[in-house]
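Structure data (mmCIF, C-alpha atoms (C1' of nucleotides)) from target27.cif:
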data_data
#
loop_
_atom_site.label_atom_id
_atom_site.label_comp_id
_atom_site.auth_asym_id
_atom_site.auth_seq_id
_atom_site.Cartn_x
_atom_site.Cartn_y
_atom_site.Cartn_z
CA MET A 21 -8.10 -18.58 18.78
CA PHE A 22 -7.40 -16.62 21.94
CA LEU A 23 -7.21 -12.83 21.94
CA ASP A 24 -5.55 -11.16 24.91
CA ARG A 25 -5.75 -7.57 26.12
CA LEU A 26 -3.06 -6.42 23.67
CA ASP A 27 -4.70 -8.06 20.63
CA LYS A 28 -7.96 -6.37 21.54
CA ALA A 29 -6.28 -2.98 21.92
CA ILE A 30 -4.73 -3.48 18.47
CA LEU A 31 -8.11 -4.45 16.97
CA ARG A 32 -9.90 -1.48 18.52
CA THR A 33 -7.25 0.90 17.22
CA LEU A 34 -7.12 -0.48 13.67
CA GLN A 35 -10.91 -0.55 13.43
CA ALA A 36 -10.96 3.19 14.08
CA ASP A 37 -7.94 4.03 11.90
CA CYS A 38 -5.70 1.59 10.06
CA SER A 39 -3.63 4.31 8.35
CA ILE A 40 -1.54 4.56 11.54
CA SER A 41 2.04 3.25 11.22
CA ASN A 42 3.13 0.12 13.05
CA VAL A 43 5.55 2.24 15.09
CA LYS A 44 2.72 4.45 16.39
CA LEU A 45 0.43 1.48 16.95
CA ALA A 46 3.18 -0.30 18.92
CA ASP A 47 3.71 2.79 21.05
CA LYS A 48 -0.04 3.13 21.67
CA VAL A 49 -0.54 -0.44 22.89
CA GLY A 50 2.80 -0.57 24.73
CA LEU A 51 4.85 -3.01 22.64
CA SER A 52 8.03 -2.83 20.56
CA PRO A 53 7.33 -2.41 16.81
CA PRO A 54 8.40 -5.98 15.89
CA ALA A 55 6.28 -7.57 18.64
CA CYS A 56 3.31 -5.47 17.54
CA LEU A 57 3.85 -6.32 13.89
CA LYS A 58 3.88 -10.06 14.62
CA ARG A 59 0.51 -9.74 16.33
CA VAL A 60 -0.99 -7.71 13.50
CA GLN A 61 0.28 -10.24 10.94
CA ARG A 62 -1.19 -13.09 12.97
CA LEU A 63 -4.56 -11.30 13.22
CA HIS A 64 -4.52 -11.00 9.43
CA ARG A 65 -3.43 -14.60 8.89
CA GLU A 66 -6.16 -15.89 11.21
CA ARG A 67 -8.70 -13.68 9.42
CA VAL A 68 -9.71 -11.85 12.59
CA ILE A 69 -8.88 -8.80 10.49
CA ASP A 70 -10.78 -9.59 7.30
CA ARG A 71 -9.52 -6.64 5.25
CA GLN A 72 -8.40 -3.00 5.40
CA VAL A 73 -10.36 -0.53 3.32
CA ALA A 74 -10.81 3.16 2.57
CA ILE A 75 -14.29 4.48 3.37
CA LEU A 76 -15.32 7.19 0.91
CA ASN A 77 -17.68 10.09 1.54
CA PRO A 78 -20.77 9.58 -0.68
CA LEU A 79 -21.52 13.33 -0.64
CA LYS A 80 -18.18 14.04 -2.36
CA LEU A 81 -18.95 11.61 -5.17
CA GLY A 82 -22.21 13.03 -6.47
CA GLY A 83 -24.34 11.62 -3.68
CA VAL A 84 -26.25 8.35 -3.61
CA LEU A 85 -29.67 7.02 -2.81
CA HIS A 86 -29.85 4.30 -0.17
CA LEU A 87 -32.59 1.69 -0.45
CA VAL A 88 -33.62 -0.71 2.29
CA VAL A 89 -35.42 -3.62 0.62
CA GLU A 90 -37.41 -6.34 2.38
CA VAL A 91 -37.62 -9.43 0.20
CA TYR A 92 -40.29 -12.16 0.59
CA MET A 93 -39.60 -15.53 -0.99
CA GLU A 94 -42.18 -17.96 -2.41
CA ARG A 95 -40.85 -21.20 -0.89
CA ASP A 96 -38.09 -21.75 1.67
CA GLN A 97 -36.07 -24.05 -0.55
CA LYS A 98 -32.40 -23.91 0.13
CA HIS A 99 -31.11 -24.23 -3.41
CA LEU A 100 -33.44 -21.49 -4.67
CA ASN A 101 -32.40 -19.10 -1.90
CA ASP A 102 -28.73 -19.98 -2.36
CA ASP A 103 -29.07 -18.97 -5.98
CA PHE A 104 -30.57 -15.63 -4.92
CA VAL A 105 -27.73 -15.07 -2.45
CA ARG A 106 -25.17 -15.76 -5.17
CA ARG A 107 -26.80 -13.16 -7.41
CA VAL A 108 -26.89 -10.66 -4.55
CA GLN A 109 -23.18 -11.21 -3.91
CA GLN A 110 -22.39 -10.62 -7.57
CA THR A 111 -24.37 -7.36 -7.74
CA PRO A 112 -22.13 -4.42 -6.79
CA GLN A 113 -25.02 -2.07 -5.97
CA VAL A 114 -26.15 -4.40 -3.17
CA LYS A 115 -23.93 -3.41 -0.25
CA GLU A 116 -25.40 -5.60 2.45
CA CYS A 117 -27.69 -8.60 2.67
CA TYR A 118 -29.19 -10.05 5.85
CA GLN A 119 -31.04 -13.38 5.91
CA VAL A 120 -33.74 -12.80 8.52
CA THR A 121 -36.25 -14.93 10.42
CA GLY A 122 -40.02 -14.30 10.30
CA GLU A 123 -42.23 -13.05 7.48
CA VAL A 124 -39.44 -11.32 5.58
CA ASP A 125 -36.69 -13.56 4.17
CA PHE A 126 -33.94 -11.09 3.22
CA VAL A 127 -33.13 -7.45 3.87
CA LEU A 128 -30.93 -5.71 1.31
CA ILE A 129 -29.10 -2.39 1.59
CA ILE A 130 -28.67 -1.01 -1.92
CA ASP A 131 -26.80 2.10 -3.17
CA VAL A 132 -27.66 3.67 -6.54
CA PRO A 133 -27.24 7.16 -8.03
CA ASN A 134 -30.96 7.55 -8.80
CA MET A 135 -34.36 5.80 -8.90
CA ALA A 136 -34.14 4.95 -12.59
CA ASP A 137 -31.07 2.84 -11.86
CA TYR A 138 -32.89 1.20 -8.97
CA GLU A 139 -35.80 0.22 -11.20
CA LEU A 140 -33.41 -1.38 -13.68
CA LEU A 141 -31.73 -3.24 -10.84
CA CYS A 142 -35.11 -4.54 -9.56
CA GLU A 143 -35.78 -6.02 -12.99
CA GLU A 144 -32.43 -7.77 -13.12
CA LEU A 145 -32.19 -8.95 -9.54
CA LEU A 146 -35.71 -9.28 -8.13
CA TYR A 147 -38.53 -9.57 -10.69
CA SER A 148 -36.50 -12.00 -12.76
CA HIS A 149 -35.95 -14.42 -9.88
CA ALA A 150 -38.23 -17.48 -9.90
CA ASN A 151 -38.55 -17.79 -6.11
CA MET A 152 -39.11 -14.09 -5.34
CA LYS A 153 -42.69 -13.49 -4.12
CA SER A 154 -42.67 -9.76 -3.37
CA PHE A 155 -40.57 -6.96 -1.94
CA LYS A 156 -41.01 -3.63 -0.16
CA THR A 157 -38.67 -0.70 -0.71
CA LEU A 158 -37.80 2.01 1.83
CA ILE A 159 -36.07 5.02 0.29
CA SER A 160 -33.41 7.05 2.10
CA MET A 161 -31.67 10.18 0.96
CA ASN A 162 -29.98 10.56 4.32
CA ARG A 163 -27.66 8.05 5.93
CA VAL A 164 -27.33 9.44 9.44
CA LYS A 165 -24.77 6.94 10.73
CA TYR A 166 -22.33 4.51 9.14
CA ASP A 167 -20.02 2.74 11.53
CA THR A 168 -18.01 -0.33 10.50
CA GLN A 169 -16.58 -1.06 13.96
CA MET A 170 -17.42 -4.05 16.11
CA VAL A 171 -17.45 -3.84 19.88
CA VAL A 172 -14.31 -5.64 21.14
CA GLU A 173 -14.85 -5.95 24.87
CA GLU A 174 -12.17 -4.89 27.35
CA ARG A 175 -11.91 -8.09 29.44
CA ASP A 176 -10.24 -11.32 28.19
CA MET B 1 -13.77 19.08 -6.55
CA PHE B 2 -12.81 17.38 -9.79
CA LEU B 3 -11.68 13.75 -9.86
CA ASP B 4 -9.87 12.54 -12.95
CA ARG B 5 -9.29 9.01 -14.20
CA LEU B 6 -6.22 8.56 -11.95
CA ASP B 7 -7.99 9.77 -8.79
CA LYS B 8 -10.79 7.32 -9.50
CA ALA B 9 -8.35 4.46 -10.06
CA ILE B 10 -6.75 5.31 -6.71
CA LEU B 11 -10.15 5.41 -4.98
CA ARG B 12 -11.25 2.09 -6.46
CA THR B 13 -8.00 0.45 -5.37
CA LEU B 14 -7.96 1.81 -1.82
CA GLN B 15 -11.63 0.94 -1.32
CA ALA B 16 -10.80 -2.69 -2.03
CA ASP B 17 -7.53 -2.75 -0.04
CA CYS B 18 -5.84 0.16 1.67
CA SER B 19 -3.04 -1.95 3.19
CA ILE B 20 -1.23 -1.72 -0.16
CA SER B 21 1.96 0.39 -0.07
CA ASN B 22 2.10 3.71 -1.89
CA VAL B 23 4.82 2.28 -4.13
CA LYS B 24 2.54 -0.57 -5.30
CA LEU B 25 -0.44 1.77 -5.64
CA ALA B 26 1.63 4.16 -7.75
CA ASP B 27 2.75 1.32 -9.98
CA LYS B 28 -0.82 0.06 -10.35
CA VAL B 29 -2.27 3.39 -11.46
CA GLY B 30 0.82 4.35 -13.50
CA LEU B 31 2.35 7.20 -11.48
CA SER B 32 5.60 7.79 -9.58
CA PRO B 33 5.27 7.23 -5.81
CA PRO B 34 5.48 10.95 -4.90
CA ALA B 35 2.85 11.97 -7.47
CA CYS B 36 0.56 9.21 -6.25
CA LEU B 37 1.12 10.14 -2.61
CA LYS B 38 0.21 13.77 -3.26
CA ARG B 39 -3.09 12.69 -4.79
CA VAL B 40 -3.87 10.35 -1.91
CA GLN B 41 -3.09 13.11 0.60
CA ARG B 42 -5.34 15.50 -1.28
CA LEU B 43 -8.18 12.94 -1.36
CA HIS B 44 -7.81 12.67 2.41
CA ARG B 45 -7.63 16.41 2.94
CA GLU B 46 -10.74 16.99 0.82
CA ARG B 47 -12.51 14.21 2.73
CA VAL B 48 -13.24 12.20 -0.41
CA ILE B 49 -11.53 9.45 1.58
CA ASP B 50 -13.34 9.76 4.89
CA ARG B 51 -11.23 7.23 6.81
CA GLN B 52 -9.25 4.00 6.56
CA VAL B 53 -10.38 1.13 8.74
CA ALA B 54 -9.83 -2.54 9.49
CA ILE B 55 -12.91 -4.69 8.93
CA LEU B 56 -13.07 -7.55 11.42
CA ASN B 57 -14.65 -10.95 10.94
CA PRO B 58 -17.63 -11.20 13.35
CA LEU B 59 -17.40 -15.01 13.36
CA LYS B 60 -13.89 -14.82 14.87
CA LEU B 61 -15.07 -12.62 17.74
CA GLY B 62 -17.76 -14.81 19.24
CA GLY B 63 -20.35 -14.04 16.57
CA VAL B 64 -23.03 -11.37 16.60
CA LEU B 65 -26.73 -10.97 16.03
CA HIS B 66 -27.76 -8.40 13.43
CA LEU B 67 -31.04 -6.57 13.90
CA VAL B 68 -32.84 -4.54 11.25
CA VAL B 69 -35.19 -2.16 13.06
CA GLU B 70 -37.93 -0.05 11.46
CA VAL B 71 -38.78 2.90 13.67
CA TYR B 72 -42.07 4.86 13.48
CA MET B 73 -42.16 8.32 15.03
CA GLU B 74 -45.16 10.03 16.63
CA ARG B 75 -44.83 13.46 15.02
CA ASP B 76 -42.46 14.68 12.30
CA GLN B 77 -40.96 17.43 14.43
CA LYS B 78 -37.41 18.24 13.49
CA HIS B 79 -36.00 18.90 16.94
CA LEU B 80 -37.47 15.67 18.34
CA ASN B 81 -36.05 13.61 15.50
CA ASP B 82 -32.69 15.39 15.73
CA ASP B 83 -32.53 14.35 19.35
CA PHE B 84 -33.22 10.74 18.36
CA VAL B 85 -30.48 10.91 15.72
CA ARG B 86 -28.02 12.23 18.27
CA ARG B 87 -28.76 9.32 20.60
CA VAL B 88 -28.41 6.86 17.73
CA GLN B 89 -25.02 8.34 16.85
CA GLN B 90 -23.86 7.98 20.45
CA THR B 91 -24.93 4.33 20.72
CA PRO B 92 -22.09 2.04 19.62
CA GLN B 93 -24.33 -0.97 18.95
CA VAL B 94 -26.20 0.99 16.26
CA LYS B 95 -23.99 0.55 13.20
CA GLU B 96 -26.15 2.28 10.59
CA CYS B 97 -29.12 4.60 10.56
CA TYR B 98 -31.15 5.60 7.51
CA GLN B 99 -33.77 8.33 7.58
CA VAL B 100 -36.41 7.07 5.15
CA THR B 101 -39.49 8.48 3.42
CA GLY B 102 -42.96 6.92 3.78
CA GLU B 103 -44.60 5.18 6.73
CA VAL B 104 -41.35 4.24 8.43
CA ASP B 105 -39.17 7.10 9.68
CA PHE B 106 -35.81 5.42 10.43
CA VAL B 107 -34.17 2.09 9.70
CA LEU B 108 -31.43 0.99 12.09
CA ILE B 109 -28.85 -1.75 11.68
CA ILE B 110 -27.84 -2.96 15.14
CA ASP B 111 -25.18 -5.49 16.24
CA VAL B 112 -25.40 -7.18 19.63
CA PRO B 113 -24.00 -10.43 21.08
CA ASN B 114 -27.46 -11.77 22.06
CA MET B 115 -31.17 -10.92 22.39
CA ALA B 116 -30.95 -10.02 26.07
CA ASP B 117 -28.55 -7.21 25.17
CA TYR B 118 -30.91 -6.10 22.40
CA GLU B 119 -33.81 -5.87 24.83
CA LEU B 120 -31.77 -3.69 27.18
CA LEU B 121 -30.80 -1.50 24.25
CA CYS B 122 -34.46 -1.11 23.20
CA GLU B 123 -35.28 0.18 26.67
CA GLU B 124 -32.47 2.73 26.62
CA LEU B 125 -32.78 3.89 23.04
CA LEU B 126 -36.35 3.31 21.84
CA TYR B 127 -38.98 2.90 24.59
CA SER B 128 -37.50 5.77 26.54
CA HIS B 129 -37.77 8.24 23.66
CA ALA B 130 -40.75 10.60 23.85
CA ASN B 131 -41.38 10.81 20.10
CA MET B 132 -41.03 7.07 19.32
CA LYS B 133 -44.41 5.57 18.33
CA SER B 134 -43.48 1.97 17.55
CA PHE B 135 -40.84 -0.23 15.96
CA LYS B 136 -40.54 -3.56 14.18
CA THR B 137 -37.50 -5.81 14.57
CA LEU B 138 -36.15 -8.22 11.96
CA ILE B 139 -33.61 -10.69 13.35
CA SER B 140 -30.65 -11.98 11.37
CA MET B 141 -28.12 -14.57 12.36
CA ASN B 142 -26.60 -14.55 8.89
CA ARG B 143 -25.11 -11.54 7.16
CA VAL B 144 -24.66 -12.82 3.63
CA LYS B 145 -22.92 -9.77 2.19
CA TYR B 146 -21.07 -6.80 3.66
CA ASP B 147 -19.44 -4.51 1.14
CA THR B 148 -18.20 -1.04 2.07
CA GLN B 149 -17.26 0.01 -1.47
CA MET B 150 -18.96 2.69 -3.52
CA VAL B 151 -19.19 2.47 -7.29
CA VAL B 152 -16.71 5.01 -8.71
CA GLU B 153 -17.56 5.18 -12.40
CA GLU B 154 -14.87 4.83 -15.06
CA ARG B 155 -15.59 7.98 -17.12
CA ASP B 156 -14.74 11.53 -15.92
"C1'" DC C 14 5.04 14.91 -12.75
"C1'" DG C 15 9.59 12.63 -12.25
"C1'" DT C 16 14.28 11.91 -10.14
"C1'" DG C 17 17.25 11.27 -6.40
"C1'" DA C 18 18.30 11.58 -1.55
"C1'" DA C 19 17.18 11.91 3.39
"C1'" DA C 20 14.11 10.51 7.03
"C1'" DT C 21 10.95 6.71 8.62
"C1'" DA C 22 9.06 2.51 8.79
"C1'" DT C 23 8.92 -2.42 8.08
"C1'" DG C 24 10.70 -6.79 8.61
"C1'" DT C 25 14.42 -10.30 10.11
"C1'" DA C 26 17.64 -12.41 13.12
"C1'" DT C 27 19.12 -13.13 17.48
"C1'" DC C 28 19.16 -13.05 22.26
"C1'" DG C 29 17.02 -12.84 26.81
"C1'" DT C 30 13.21 -13.78 30.08
"C1'" DA D 2 6.24 -18.78 23.93
"C1'" DC D 3 6.86 -13.94 23.61
"C1'" DG D 4 9.06 -9.61 23.74
"C1'" DA D 5 13.22 -6.39 23.07
"C1'" DT D 6 17.27 -4.84 20.68
"C1'" DA D 7 20.01 -4.30 16.62
"C1'" DC D 8 20.42 -4.42 12.00
"C1'" DA D 9 19.07 -4.81 6.93
"C1'" DT D 10 15.70 -3.72 3.62
"C1'" DA D 11 11.88 -1.01 1.91
"C1'" DT D 12 8.94 2.86 1.88
"C1'" DT D 13 7.63 7.54 2.57
"C1'" DT D 14 8.45 12.14 1.83
"C1'" DC D 15 11.01 16.33 0.62
"C1'" DA D 16 13.72 19.40 -2.53
"C1'" DC D 17 14.63 20.36 -7.09
"C1'" DG D 18 14.30 20.24 -12.15
#

Show me this structure written as structure tokens.
Amino acid sequence: MFLDRLDKAILRTLQADCSISNVKLADKVGLSPPACLKRVQRLHRERVIDRQVAILNPLKLGGVLHLVVEVYMERDQKHLNDDFVRRVQQTPQVKECYQVTGEVDFVLIIDVPNMADYELLCEELLYSHANMKSFKTLISMNRVKYDTQMVVEERD
Amino acid sequence: MFLDRLDKAILRTLQADCSISNVKLADKVGLSPPACLKRVQRLHRERVIDRQVAILNPLKLGGVLHLVVEVYMERDQKHLNDDFVRRVQQTPQVKECYQVTGEVDFVLIIDVPNMADYELLCEELLYSHANMKSFKTLISMNRVKYDTQMVVEERD
DNA sequence: CGTGAAATATGTATCGT
DNA sequence: ACGATACATATTTCACG
């Protein structure tokens, strides 16, 4: 699927703020509202725009603890790791999961209200998994940056 | 700021999908559209809702490499680390930054199109920083989960 | 918080380039 | 194939009870 200069301008704008009306967006990128709307609908249909979401401020909701967890697996067997991935995807406290190359197999980003909840989660998700060898937890009480935007380059 | 059952229902809904119209949102949480709108506006004003954004699909934009980087600092001097944080915040490829306790000082989540770009970024951001001792890079070509939602508990 | 009405925005149809 | 204009429908938003 080809994205021209206008599609990219739309994507950059909506990544920064999707609460903008189609009329304002159209004006910003230099199109009529219907022409702009057709492009936005196509970007949704083609799943270039995956979803539109509200980002909440953790500090206004009682605050959270962020955990960065490096997970080491016993054996690199696909079906065992696929099972782990499925469990990760079903666990709402796990916000992100990266399958990585090298010594470590997975990196998880986990949000919980406190350490007691994290310890419970470790039991359910990690210790109970047959193929999990070990894991290392890094604790953060301060998320200094959280940016959901991708770089959409200027040129076609 | 107090959030009641209705505010929380609104937050849960908008976190999952903020492209929904205010009319549908109002219907879903059981309010009239104006009453619902006033709450949403207040949640924005009070910065409980930080922003509304479009999440793009990296696979539809040429694909990206995700890097998890553990950064070790030389000395724990506030002004030196604050300077590092400022540079991190100004670098668009750095998507997330966690200040962590223990051996490691910061964990970065970085998105780049390829390793050559990552190496350039390391020069600019890491090697060139006076207080940076060392760093360890974990490479991921597969982000298995990416969830921006926070858990907003049911009870008041 | 709800109702009703005015102001905006979205979405469709059609035409022109 | 794509954008603009005009028009119909829907939504947002304000005033009032």

Please return, as a PyMOL selection string, all residues of chain C lying within 9 Å of chain A when all atoms listed in the file are considered. chain C and resi 22-24

Take the selection from the previous step and output its residues with C-alpha atoms (C1' of nucleotides), as a short mmCIF file (atom, residue, chain, number, x, y, z; two decimals), in the frame of the given file.
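Ended up saving to result-v6.cif:
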data_model
loop_
_atom_site.label_atom_id
_atom_site.label_comp_id
_atom_site.auth_asym_id
_atom_site.auth_seq_id
_atom_site.Cartn_x
_atom_site.Cartn_y
_atom_site.Cartn_z
"C1'" DA C 22 9.06 2.51 8.79
"C1'" DT C 23 8.92 -2.42 8.08
"C1'" DG C 24 10.70 -6.79 8.61
#

At most 7 Å is the cut-off: for each residue in chain B with any atom that close to an atom of chain A, write down the nearest atom pair and the distance in Å rounded to one decimal, counting all atoms listed in the file, chain first then increasing number, as a Markdown table.
| residue | atom | partner | partner_atom | distance |
| --- | --- | --- | --- | --- |
| B:Leu14 | CA | A:Ala74 | CA | 5.4 |
| B:Gln15 | CA | A:Ala74 | CA | 4.6 |
| B:Ala16 | CA | A:Val73 | CA | 5.8 |
| B:Asp17 | CA | A:Val73 | CA | 4.9 |
| B:Cys18 | CA | A:Val73 | CA | 4.9 |
| B:Ser19 | CA | A:Gln72 | CA | 5.9 |
| B:Arg47 | CA | A:Asn77 | CA | 6.7 |
| B:Val48 | CA | A:Asn77 | CA | 5.3 |
| B:Ile49 | CA | A:Leu76 | CA | 4.5 |
| B:Asp50 | CA | A:Leu76 | CA | 5.1 |
| B:Arg51 | CA | A:Ile75 | CA | 5.4 |
| B:Gln52 | CA | A:Ala74 | CA | 4.4 |
| B:Val53 | CA | A:Cys38 | CA | 4.9 |
| B:Ala54 | CA | A:Gln72 | CA | 4.4 |
| B:Ile55 | CA | A:Arg71 | CA | 5.4 |
| B:Leu56 | CA | A:Ile69 | CA | 4.5 |
| B:Asn57 | CA | A:Val68 | CA | 5.3 |
| B:Lys60 | CA | A:Val68 | CA | 5.6 |
| B:Gln89 | CA | A:Lys165 | CA | 6.3 |
| B:Lys95 | CA | A:Asp167 | CA | 4.8 |
| B:Glu96 | CA | A:Tyr166 | CA | 4.7 |
| B:Cys97 | CA | A:Lys165 | CA | 4.9 |
| B:Tyr98 | CA | A:Arg163 | CA | 4.5 |
| B:Gln99 | CA | A:Asn162 | CA | 5.5 |
| B:Val100 | CA | A:Ser160 | CA | 4.3 |
| B:Thr101 | CA | A:Ile159 | CA | 5.8 |
| B:Leu138 | CA | A:Val120 | CA | 6.2 |
| B:Ile139 | CA | A:Val120 | CA | 5.3 |
| B:Ser140 | CA | A:Val120 | CA | 4.3 |
| B:Asn142 | CA | A:Gln119 | CA | 5.5 |
| B:Arg143 | CA | A:Tyr118 | CA | 4.5 |
| B:Val144 | CA | A:Cys117 | CA | 5.3 |
| B:Lys145 | CA | A:Glu116 | CA | 4.9 |
| B:Tyr146 | CA | A:Glu116 | CA | 4.7 |
| B:Asp147 | CA | A:Lys115 | CA | 4.8 |
| B:Thr148 | CA | A:Lys115 | CA | 6.6 |

Determine the residue set returned by the PyMOL selection byres ((chain D) within 12 of (chain B)) for the present structure, and present it as a list in words. DA11, DT12, DT13, DT14 and DC15 of chain D

Resolved residues for the PyMOL selection byres ((chain D and resi 17) around 12) as an MDAnalysis selection string: (chainID C and resid 15:18) or (chainID D and resid 15:16 18)

Just to be explicit: take each residue in the selection above, keep C-alpha atoms (C1' of nucleotides), and write the result as an mmCIF file, in the coordinates of the input.
data_model
loop_
_atom_site.group_PDB
_atom_site.id
_atom_site.type_symbol
_atom_site.label_atom_id
_atom_site.label_comp_id
_atom_site.auth_asym_id
_atom_site.auth_seq_id
_atom_site.Cartn_x
_atom_site.Cartn_y
_atom_site.Cartn_z
ATOM 1 C "C1'" DG C 15 9.590 12.630 -12.250
ATOM 2 C "C1'" DT C 16 14.280 11.910 -10.140
ATOM 3 C "C1'" DG C 17 17.250 11.270 -6.400
ATOM 4 C "C1'" DA C 18 18.300 11.580 -1.550
ATOM 5 C "C1'" DC D 15 11.010 16.330 0.620
ATOM 6 C "C1'" DA D 16 13.720 19.400 -2.530
ATOM 7 C "C1'" DG D 18 14.300 20.240 -12.150
#

Atom pair CA of Val71 in chain B + CA of Tyr118 in chain B, distance 14.8 Å

Between CA of Cys122 in chain B and CA of Phe84 in chain B, what is the distance in Å, rounded to a tenth? 12.9 Å

Could you work out how far CA of Val89 in chain A lies from CA of His129 in chain B, giving the answer in Å with one decimal?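 Computing the Euclidean distance for CA of His129 in chain B and CA of Val89 in chain A yields 26.0 Å.
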
The PyMOL selection byres ((chain A and resi 95) around 12) resolved against shown file, as a list in words: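 Given this file, the PyMOL selection byres ((chain A and resi 95) around 12) evaluates to Tyr92, Met93, Glu94, Asp96, Gln97, Lys98, His99, Leu100, Asn101, Glu123, Val124, Asp125, Ala150, Asn151, Met152, Lys153 and Ser154 of chain A.
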
Around all listed atoms of range 18-30 of chain C, padded 3 Å per side, what centre and edge lengths does the axis-aligned box have in Å to one decimal, as JSON?
{"center_x": 14.0, "center_y": -0.9, "center_z": 14.3, "size_x": 16.2, "size_y": 31.7, "size_z": 37.6}

When you look at Leu6 in chain B with a cut-off of 9 Å (counting only C-alpha atoms (C1' of nucleotides)), what residues show up, excluding the ones that are within fewer than 5 positions of it in the same chain? I need them as a PyMOL selection string. chain B and resi 11+29-31+36+39

Which of these, A:Leu145, A:Lys44, A:Asp137, A:Asp176, has the shortest distance to Asp27 in chain A once you count only C-alpha atoms?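 Nearest to Asp27 in chain A: A:Asp176.
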